[in-house]
>>> print(open('work-v2.txt').read())   # compact mmCIF, C-alpha atoms
# COMPACT_ATOMS: atom_id res chain seq x y z
CA MET F 7 -134.99 75.39 144.97
CA THR F 8 -132.80 78.33 145.89
CA GLY F 9 -133.96 81.71 144.62
CA ALA F 10 -132.64 85.27 144.59
CA ILE F 11 -132.62 87.09 147.92
CA SER F 12 -135.06 90.02 147.96
CA SER F 13 -133.75 93.49 148.70
CA SER F 14 -135.84 93.67 151.87
CA ALA F 15 -134.54 90.36 153.20
CA SER F 16 -131.12 91.68 154.23
CA PRO F 17 -129.31 95.01 154.34
CA GLN F 18 -126.26 93.17 152.91
CA HIS F 19 -128.12 92.39 149.68
CA GLY F 20 -125.66 94.35 147.52
CA LEU F 21 -122.57 92.63 148.95
CA THR F 22 -124.19 89.21 148.86
CA ASP F 23 -125.24 89.68 145.25
CA ARG F 24 -121.76 90.78 144.25
CA LEU F 25 -120.18 87.79 146.01
CA ALA F 26 -122.62 85.42 144.29
CA ARG F 27 -121.81 86.88 140.86
CA TRP F 28 -118.09 86.73 141.62
CA ALA F 29 -118.34 83.08 142.66
CA ARG F 30 -120.27 82.19 139.50
CA GLY F 31 -117.63 83.94 137.44
CA LEU F 32 -114.87 81.85 139.05
CA SER F 33 -116.81 78.66 138.37
CA GLY F 34 -117.15 79.55 134.70
CA LYS F 35 -120.88 80.36 134.77
CA ALA F 36 -122.28 83.43 133.05
CA GLU F 37 -123.77 86.06 135.32
CA THR F 38 -127.16 85.62 133.63
CA GLU F 39 -127.14 81.83 134.12
CA GLU F 40 -129.92 80.54 136.31
CA GLU F 41 -128.88 78.36 139.23
CA GLU F 42 -129.92 74.75 138.81
CA PRO F 43 -132.40 73.23 141.19
CA GLU F 44 -130.54 71.60 144.06
CA THR F 45 -132.09 68.20 143.32
CA GLU F 46 -130.97 68.36 139.70
CA GLN F 47 -127.45 69.30 140.80
CA ARG F 48 -127.28 66.29 143.06
CA VAL F 49 -128.56 63.99 140.30
CA ARG F 50 -125.97 65.28 137.85
CA ALA F 51 -123.17 65.10 140.40
CA GLY F 52 -124.26 61.60 141.39
CA GLY F 53 -124.34 60.49 137.77
CA ALA F 54 -120.85 61.83 137.13
CA SER F 55 -119.61 60.19 140.32
CA ASN F 56 -121.13 56.84 139.36
CA ARG F 57 -119.59 57.01 135.89
CA GLU F 58 -116.17 57.68 137.43
CA ILE F 59 -116.58 54.78 139.87
CA ASN F 60 -117.62 52.43 137.05
CA ARG F 61 -114.73 53.62 134.90
CA ARG F 62 -112.22 52.93 137.69
CA ARG F 63 -113.76 49.54 138.43
CA GLN F 64 -113.46 48.58 134.78
CA LEU F 65 -109.84 49.77 134.68
CA TYR F 66 -108.98 47.69 137.76
CA ALA F 67 -110.69 44.69 136.15
CA ASP F 68 -108.73 45.22 132.91
CA ILE F 69 -105.45 45.44 134.82
CA GLY F 70 -106.29 42.23 136.69
CA ASP F 71 -107.14 40.44 133.44
CA PHE F 72 -103.88 41.65 131.90
CA LEU F 73 -101.76 40.40 134.84
CA PHE F 74 -103.63 37.07 134.92
CA ALA F 75 -103.36 36.52 131.17
CA HIS F 76 -99.57 36.85 131.33
CA ASP F 77 -99.16 35.04 134.68
CA LEU F 78 -97.57 38.13 136.22
CA ASP F 79 -97.01 38.57 139.93
CA LEU F 80 -99.10 41.12 141.81
CA THR F 81 -96.34 43.66 142.35
CA PRO F 82 -96.39 47.48 142.24
CA ILE F 83 -94.08 47.45 139.19
CA ASN F 84 -96.33 45.07 137.24
CA PHE F 85 -99.45 47.02 138.20
CA SER F 86 -97.84 50.32 137.16
CA VAL F 87 -96.68 48.99 133.79
CA ALA F 88 -100.10 47.45 133.11
CA LEU F 89 -101.73 50.78 133.98
CA ASP F 90 -99.41 52.68 131.63
CA TYR F 91 -100.10 50.19 128.83
CA LEU F 92 -103.89 50.05 129.19
CA THR F 93 -104.36 53.80 129.58
CA GLY F 94 -101.71 54.81 127.02
CA ALA F 95 -100.10 57.02 129.67
CA ASN F 96 -96.60 55.94 128.60
CA ILE F 97 -96.07 55.58 124.86
CA GLY F 98 -92.67 53.93 125.33
CA VAL F 99 -94.12 51.20 127.54
CA GLU F 100 -97.07 50.69 125.19
CA LYS F 101 -94.79 50.26 122.15
CA ALA F 102 -92.43 47.93 124.02
CA ILE F 103 -95.28 45.69 125.20
CA ARG F 104 -96.84 45.52 121.74
CA ALA F 105 -93.46 44.59 120.26
CA VAL F 106 -92.70 41.82 122.75
CA MET F 107 -96.24 40.42 122.46
CA MET F 108 -95.85 40.21 118.69
CA GLU F 109 -92.51 38.45 119.13
CA ARG F 110 -93.29 36.10 122.04
CA GLY F 111 -97.03 36.34 122.56
CA THR F 112 -96.60 37.02 126.27
CA ILE F 113 -94.52 39.04 128.71
CA THR F 114 -92.74 38.03 131.91
CA ASN F 115 -91.97 39.47 135.33
CA GLY F 116 -88.31 39.74 134.41
CA TRP F 117 -89.05 41.58 131.19
CA ILE F 118 -91.22 44.11 133.03
CA GLU F 119 -88.46 44.64 135.61
CA SER F 120 -85.98 45.28 132.79
CA ILE F 121 -88.34 47.83 131.23
CA ALA F 122 -88.73 49.58 134.59
CA ALA F 123 -84.95 49.58 135.06
CA GLU F 124 -84.42 51.06 131.60
CA GLN F 125 -86.87 53.84 132.42
CA ARG F 126 -85.04 54.58 135.66
CA ALA F 127 -81.78 54.58 133.73
CA ASP F 128 -83.27 57.00 131.21
CA GLU F 129 -84.22 59.32 134.05
CA ILE F 130 -80.81 59.05 135.69
CA THR F 131 -78.40 60.43 133.12
CA PRO F 132 -75.04 62.13 133.65
CA GLU F 133 -76.77 65.40 132.77
CA SER F 134 -79.51 64.88 135.37
CA LEU F 135 -76.94 63.94 138.02
CA SER F 136 -74.90 67.01 137.15
CA SER F 137 -78.04 69.12 137.43
CA MET F 138 -78.83 67.65 140.84
CA LEU F 139 -75.31 68.33 142.08
CA ASP F 140 -75.50 71.90 140.78
CA LYS F 141 -78.75 72.32 142.68
CA VAL F 142 -77.15 70.99 145.86
CA GLU F 143 -74.31 73.49 145.51
CA GLU F 144 -76.81 76.25 144.83
CA ASN F 145 -78.75 75.30 147.96
CA LEU F 146 -75.56 75.30 150.01
CA ASP F 147 -74.63 78.74 148.69
CA GLN F 148 -78.14 79.96 149.44
CA PHE F 149 -77.94 78.50 152.94
CA THR F 150 -74.63 80.24 153.55
CA GLY F 151 -76.06 83.52 152.25
CA LEU F 152 -79.13 83.21 154.48
CA MET F 153 -76.96 82.62 157.53
CA HIS F 154 -74.81 85.66 156.70
CA GLU F 155 -77.95 87.73 156.14
CA SER F 156 -79.39 86.57 159.45
CA ARG F 157 -76.20 87.41 161.36
CA ASN F 158 -75.91 90.82 159.68
CA SER F 159 -79.56 91.58 160.46
CA ALA F 160 -78.99 90.66 164.10
CA LYS F 161 -75.94 92.92 164.25
CA ASP F 162 -77.81 95.83 162.64
CA TYR F 163 -80.72 95.31 165.02
CA GLY F 164 -78.39 95.28 168.02
CA ALA F 165 -76.64 98.44 166.87
CA ALA F 166 -79.97 100.21 166.29
CA LEU F 167 -81.20 99.19 169.74
CA GLN F 168 -78.06 100.58 171.31
CA GLU F 169 -78.57 103.91 169.53
CA GLN F 170 -82.16 104.16 170.69
CA ALA F 171 -81.15 103.20 174.22
CA LYS F 172 -78.60 106.04 174.24
CA ASP F 173 -81.26 108.52 173.09
CA LEU F 174 -83.61 107.29 175.79
CA ALA F 175 -80.92 107.62 178.44
CA ALA F 176 -80.12 111.13 177.21
CA GLY F 177 -83.69 112.19 177.92
CA GLY F 178 -85.01 112.19 174.38
CA ASP F 179 -88.66 111.99 173.42
CA SER F 180 -89.55 108.65 175.02
CA GLU F 181 -92.75 108.19 173.03
CA SER F 182 -90.94 108.67 169.74
CA ILE F 183 -88.06 106.44 170.79
CA LEU F 184 -90.39 103.66 171.95
CA SER F 185 -92.25 103.90 168.65
CA ARG F 186 -89.00 103.46 166.76
CA LEU F 187 -88.06 100.53 169.03
CA VAL F 188 -91.36 98.83 168.26
CA GLY F 189 -90.82 99.40 164.55
CA LEU F 190 -87.29 97.97 164.72
CA THR F 191 -88.49 94.93 166.64
CA ARG F 192 -91.33 94.28 164.23
CA SER F 193 -88.93 94.55 161.32
CA MET F 194 -86.50 92.14 162.96
CA VAL F 195 -89.27 89.65 163.74
CA GLU F 196 -90.46 89.78 160.12
CA LYS F 197 -86.93 89.29 158.78
CA THR F 198 -86.42 86.37 161.17
CA ARG F 199 -89.63 84.76 159.98
CA GLN F 200 -88.61 85.17 156.36
CA VAL F 201 -85.18 83.64 156.98
CA GLU F 202 -86.73 80.74 158.92
CA SER F 203 -89.18 80.09 156.08
CA GLN F 204 -86.40 80.20 153.48
CA LEU F 205 -84.24 77.88 155.58
CA ARG F 206 -87.11 75.40 155.88
CA ASP F 207 -87.64 75.47 152.12
CA ASN F 208 -83.91 75.09 151.57
CA GLN F 209 -83.80 72.11 153.93
CA LYS F 210 -86.74 70.41 152.16
CA GLN F 211 -85.14 70.90 148.75
CA THR F 212 -81.79 69.59 149.98
CA GLN F 213 -83.45 66.52 151.54
CA ALA F 214 -85.34 65.81 148.31
CA LEU F 215 -82.13 66.13 146.30
CA LYS F 216 -80.31 63.87 148.74
CA SER F 217 -83.03 61.25 148.32
CA SER F 218 -82.85 61.55 144.52
CA LEU F 219 -79.08 61.16 144.54
CA GLU F 220 -79.33 58.11 146.81
CA SER F 221 -81.93 56.55 144.51
CA ALA F 222 -79.71 57.26 141.52
CA ARG F 223 -76.75 55.65 143.25
CA ARG F 224 -78.74 52.53 144.17
CA ALA F 225 -80.18 52.21 140.66
CA ALA F 226 -76.73 52.59 139.13
CA GLU F 227 -75.11 49.96 141.37
CA HIS F 228 -77.76 47.23 141.74
CA ASP F 229 -79.13 44.59 139.41
CA HIS F 230 -82.86 45.16 138.99
CA LEU F 231 -83.79 41.45 138.71
CA THR F 232 -81.86 39.79 141.55
CA GLY F 233 -81.36 42.78 143.83
CA LEU F 234 -77.62 41.99 144.02
CA PRO F 235 -74.92 44.58 143.38
CA ASN F 236 -74.05 44.76 139.68
CA ARG F 237 -70.74 44.59 137.87
CA ARG F 238 -70.05 48.29 138.33
CA ALA F 239 -70.55 48.06 142.10
CA PHE F 240 -68.42 44.91 142.30
CA GLU F 241 -65.46 46.59 140.61
CA ALA F 242 -65.51 49.33 143.25
CA VAL F 243 -65.72 46.73 146.05
CA LEU F 244 -62.83 44.79 144.51
CA ARG F 245 -60.59 47.87 144.63
CA ASP F 246 -61.46 48.54 148.27
CA GLU F 247 -61.12 44.90 149.38
CA LEU F 248 -57.78 44.57 147.60
CA ALA F 249 -56.44 47.59 149.48
CA LEU F 250 -57.66 46.15 152.81
CA ALA F 251 -56.23 42.71 152.07
CA GLN F 252 -52.83 44.16 151.22
CA GLU F 253 -52.87 46.45 154.26
CA GLN F 254 -53.86 43.68 156.69
CA GLN F 255 -51.90 40.95 154.87
CA GLU F 256 -54.97 38.79 154.32
CA ALA F 257 -55.87 36.40 151.55
CA LEU F 258 -58.22 37.56 148.80
CA SER F 259 -59.91 35.23 146.32
CA VAL F 260 -62.44 35.67 143.54
CA ALA F 261 -64.89 33.18 142.00
CA PHE F 262 -66.92 33.31 138.79
CA CYS F 263 -70.12 31.19 138.88
CA ASP F 264 -72.13 30.52 135.72
CA ILE F 265 -75.45 28.62 135.57
CA ASP F 266 -75.14 25.53 133.37
CA HIS F 267 -77.27 25.23 130.22
CA PHE F 268 -79.20 28.37 131.07
CA LYS F 269 -80.31 28.87 127.46
CA ILE F 270 -81.96 25.43 127.54
CA ILE F 271 -83.82 26.44 130.73
CA ASN F 272 -85.15 29.54 128.98
CA ASP F 273 -86.02 27.70 125.78
CA THR F 274 -87.71 24.78 127.57
CA HIS F 275 -89.52 26.54 130.41
CA GLY F 276 -89.74 30.14 129.25
CA HIS F 277 -88.01 33.37 130.22
CA ASP F 278 -90.23 33.87 133.25
CA THR F 279 -89.02 30.59 134.76
CA GLY F 280 -85.48 31.48 133.72
CA ASP F 281 -85.75 34.72 135.66
CA ARG F 282 -86.96 32.81 138.73
CA VAL F 283 -83.98 30.46 138.46
CA LEU F 284 -81.64 33.46 138.34
CA LYS F 285 -83.26 34.87 141.48
CA PHE F 286 -83.06 31.51 143.24
CA VAL F 287 -79.37 30.97 142.47
CA ALA F 288 -78.66 34.58 143.45
CA GLY F 289 -80.36 33.94 146.79
CA LEU F 290 -78.25 30.82 147.48
CA LEU F 291 -75.02 32.68 146.67
CA ALA F 292 -76.08 35.73 148.67
CA LYS F 293 -76.38 33.63 151.84
CA ALA F 294 -72.58 33.63 152.00
CA SER F 295 -72.43 37.41 151.72
CA ASP F 296 -71.15 39.44 154.69
CA ASP F 297 -68.48 42.06 155.42
CA ARG F 298 -65.80 39.67 154.17
CA CYS F 299 -67.70 38.06 151.30
CA HIS F 300 -69.30 40.03 148.48
CA VAL F 301 -71.64 38.60 145.84
CA ALA F 302 -72.73 40.38 142.64
CA ARG F 303 -74.42 39.62 139.35
CA HIS F 304 -71.71 40.07 136.76
CA GLY F 305 -74.05 39.84 133.80
CA GLY F 306 -76.44 37.36 132.17
CA GLU F 307 -76.39 34.09 134.12
CA GLU F 308 -72.95 34.79 135.62
CA PHE F 309 -72.24 35.78 139.22
CA VAL F 310 -69.04 36.80 140.94
CA MET F 311 -67.98 36.24 144.56
CA LEU F 312 -65.13 37.91 146.42
CA PHE F 313 -63.74 36.43 149.66
CA ARG F 314 -61.33 38.34 151.92
CA GLY F 315 -59.58 36.19 154.52
CA LYS F 316 -60.03 32.95 152.54
CA THR F 317 -57.35 31.33 150.44
CA ALA F 318 -58.22 30.20 146.92
CA ALA F 319 -58.50 26.60 148.16
CA GLU F 320 -60.85 27.64 150.99
CA THR F 321 -62.89 29.65 148.53
CA CYS F 322 -63.19 26.59 146.29
CA GLU F 323 -64.62 24.65 149.23
CA ALA F 324 -67.10 27.41 150.08
CA VAL F 325 -68.31 27.81 146.50
CA ASP F 326 -68.45 24.05 146.02
CA GLY F 327 -70.74 23.82 149.04
CA VAL F 328 -73.22 26.17 147.36
CA ARG F 329 -72.86 24.27 144.08
CA GLU F 330 -73.66 20.95 145.80
CA ASP F 331 -76.63 22.50 147.60
CA LEU F 332 -78.11 23.72 144.30
CA ALA F 333 -77.39 20.50 142.39
CA ASN F 334 -79.19 18.40 145.04
CA ARG F 335 -82.36 20.49 144.95
CA THR F 336 -85.42 19.63 142.90
CA LEU F 337 -86.86 22.75 141.34
CA VAL F 338 -90.41 22.96 140.04
CA ASN F 339 -91.70 25.02 137.14
CA ARG F 340 -94.27 27.21 138.85
CA THR F 341 -96.16 27.71 135.60
CA ASN F 342 -97.16 24.08 135.09
CA GLY F 343 -96.08 22.38 138.32
CA GLU F 344 -93.64 20.06 136.51
CA ARG F 345 -90.24 19.15 137.89
CA MET F 346 -87.34 20.77 136.12
CA GLU F 347 -84.13 19.11 135.05
CA ARG F 348 -81.33 19.51 137.57
CA VAL F 349 -80.14 23.11 137.78
CA SER F 350 -76.44 23.54 138.49
CA PHE F 351 -73.59 25.97 138.02
CA SER F 352 -69.89 25.79 137.23
CA ALA F 353 -67.27 28.02 138.83
CA GLY F 354 -63.68 29.16 138.48
CA VAL F 355 -61.62 30.48 141.42
CA ALA F 356 -58.41 32.52 141.49
CA ASN F 357 -56.12 34.03 144.11
CA VAL F 358 -56.31 37.78 143.51
CA LEU F 359 -52.97 38.49 145.18
CA ALA F 360 -51.13 36.06 142.88
CA TYR F 361 -51.54 38.42 139.92
CA GLU F 362 -50.14 41.83 139.11
CA ASP F 363 -53.56 43.42 139.09
CA PRO F 364 -57.18 42.38 139.80
CA ARG F 365 -57.92 42.17 136.07
CA GLY F 366 -55.41 39.35 135.74
CA ALA F 367 -57.08 37.45 138.58
CA LEU F 368 -60.51 37.90 137.00
CA LYS F 369 -59.22 36.56 133.69
CA ALA F 370 -57.68 33.57 135.45
CA ALA F 371 -60.93 32.80 137.27
CA ASP F 372 -62.81 33.11 133.98
CA ARG F 373 -60.43 30.66 132.29
CA ALA F 374 -60.90 28.21 135.17
CA LEU F 375 -64.67 28.57 134.76
CA TYR F 376 -64.35 27.81 131.06
CA LEU F 377 -62.39 24.63 131.82
CA ALA F 378 -65.03 23.56 134.36
CA LYS F 379 -67.68 23.95 131.66
CA GLU F 380 -65.54 22.12 129.10
CA HIS F 381 -64.91 19.18 131.42
CA GLY F 382 -68.54 18.41 132.19
CA ARG F 383 -70.02 21.36 134.14
CA ASN F 384 -71.40 21.29 137.70
CA ARG F 385 -67.93 21.61 139.19
CA VAL F 386 -65.52 24.18 140.65
CA TYR F 387 -62.00 24.60 139.24
CA LEU F 388 -59.06 26.44 140.78
CA ALA F 389 -56.91 28.58 138.49
CA ALA F 390 -53.21 27.79 138.44
CA GLU F 391 -51.28 30.72 139.88
CA THR F 392 -48.76 30.50 137.05
CA ASP F 393 -51.45 31.59 134.54
>>> encode(input="work-v2.txt", output="structure tokens")
Amino acid sequence: MTGAISSSASPQHGLTDRLARWARGLSGKAETEEEEPETEQRVRAGGASNREINRRRQLYADIGDFLFAHDLDLTPINFSVALDYLTGANIGVEKAIRAVMMERGTITNGWIESIAAEQRADEITPESLSSMLDKVEENLDQFTGLMHESRNSAKDYGAALQEQAKDLAAGGDSESILSRLVGLTRSMVEKTRQVESQLRDNQKQTQALKSSLESARRAAEHDHLTGLPNRRAFEAVLRDELALAQEQQEALSVAFCDIDHFKIINDTHGHDTGDRVLKFVAGLLAKASDDRCHVARHGGEEFVMLFRGKTAAETCEAVDGVREDLANRTLVNRTNGERMERVSFSAGVANVLAYEDPRGALKAADRALYLAKEHGRNRVYLAAETD
């Protein structure tokens, strides 16, 4: 047990006592409160620590049970959403999960990804982007001001040194002059340190803003489920590729691909399996992607492909190769291990340069896709350029 230090034990008794009282005040203890026996403190601390460990273990177990009950993958997104739901840390997530469980009885990986994407979208609003850009401009202005301040300080310091050097050369009081020189130098060193510190802070803030803007751009231009560029990103690529094709006099073709009977896949095997099918088809299409071929998820179960340097007929052959590859595969429902019915897609292809604008080519490809569906599915049709 620790007791009070007697006045004869140390000449620093007064200071020690004051420090002890001050420390107890910071910790929230009254000055008259007796210190607990050291053993009792350890017991209490150990008990609190054990309770925290048990609480965390139980939370981890609950999260694991939640993921297992819904057959969810062990991913950071799933873990985070489960944590928010079980702890009530995010009311929006909690309400959304309760609603979907009442409707379907279970949740899927794809649904959780859509919830996470919606939350990112909520965070990334035009107002927040505008605020970030304003902050970048503010940082740039601050950086410019700091550089001007630094240069002006250096000039003032140089001028002051010259004045003192003249006084010293003229035979002035050397001790007084040296004292002023030391003072000037110390002042300059301090200003330099301040500017360096501000520049470092400015650089950190700018880097953080740059990272936030890059994350916002990626979130705005990519499909959260498949990882492919989304419709918005594709439209920008289409404009750029059209300009390059016209400049270099190259062919440019577009293809719409739509998974056949996708609603039946969802209804028969569940939305989780449907999401996996979407990812699988996206992966097959993405294998063709390079600097001259761009693949994106256009929406729902529809994908779009853009080929520069390939004629519409050559694009038909390329897309048909992917179609045949998919149609000849045997997919298995991971949930129950059963073989699925054949998964296929239909496609429509159009020559972009045969139309007045890209929108006309997209409409023609969409009409060709519709005809492919109408005539039996699992086929690729070429749009007539007179459409």
>>> closest_residue(input="work-v2.txt", among="F:Ser259, F:Asn272, F:Asn339, F:Thr279", to="Arg314 (chain F)", atoms="only C-alpha atoms")
F:Ser259
>>> residues_near_point(input="work-v2.txt", point="(-80.2, 20.7, 137.0)", cutoff="10 Å", atoms="all atoms listed in the file", output="list in words")
Ile265, Asp266, His267, Phe268, Ile271, Leu332, Ala333, Asn334, Arg335, Thr336, Leu337, Met346, Glu347, Arg348, Val349, Ser350, Phe351 and Asn384 of chain F
>>> atom_distance(input="work-v2.txt", atom1="CA of Ser182 (chain F)", atom2="CA of Gln200 (chain F)")
27.1 Å
>>> atom_distance(input="work-v2.txt", atom1="CA of Glu320 (chain F)", atom2="CA of Val283 (chain F)")
26.5 Å
>>> atom_distance(input="work-v2.txt", atom1="CA of Asn56 (chain F)", atom2="CA of Ile69 (chain F)")
19.9 Å
>>> residues_around(input="work-v2.txt", residues="region 303-306 of chain F", least_positions_apart="5", cutoff="10 Å", atoms="all atoms listed in the file", output="number ranges by chain")
F: 228-229, 231-241, 262-265, 268, 284, 288, 311
>>> closest_residue(input="work-v2.txt", among="F:Glu227, F:Gly327, F:Ala261, F:Gln255", to="Arg373 (chain F)", atoms="all atoms listed in the file")
F:Ala261
>>> residues_around(input="work-v2.txt", residues="region 376-378 of chain F", least_positions_apart="4", cutoff="9 Å", atoms="all atoms listed in the file", output="CSV table (one decimal) with C-alpha atoms, keeping the file's coordinate frame")
chain,number,residue,atom,x,y,z
F,352,SER,CA,-69.9,25.8,137.2
F,353,ALA,CA,-67.3,28.0,138.8
F,354,GLY,CA,-63.7,29.2,138.5
F,371,ALA,CA,-60.9,32.8,137.3
F,372,ASP,CA,-62.8,33.1,134.0
F,382,GLY,CA,-68.5,18.4,132.2
F,383,ARG,CA,-70.0,21.4,134.1
F,384,ASN,CA,-71.4,21.3,137.7
F,385,ARG,CA,-67.9,21.6,139.2
F,386,VAL,CA,-65.5,24.2,140.6
F,387,TYR,CA,-62.0,24.6,139.2
>>> residues_around(input="work-v2.txt", residues="Pro364 (chain F)", least_positions_apart="6", cutoff="9 Å", atoms="only C-alpha atoms", output="NGL selection string")
:F and (244-245 or 248 or 358)
>>> residues_around(input="work-v2.txt", residues="region 63-65 of chain F", least_positions_apart="5", cutoff="12 Å", atoms="only C-alpha atoms", output="PyMOL selection string")
chain F and resi 56-58+70-72+85+88-93
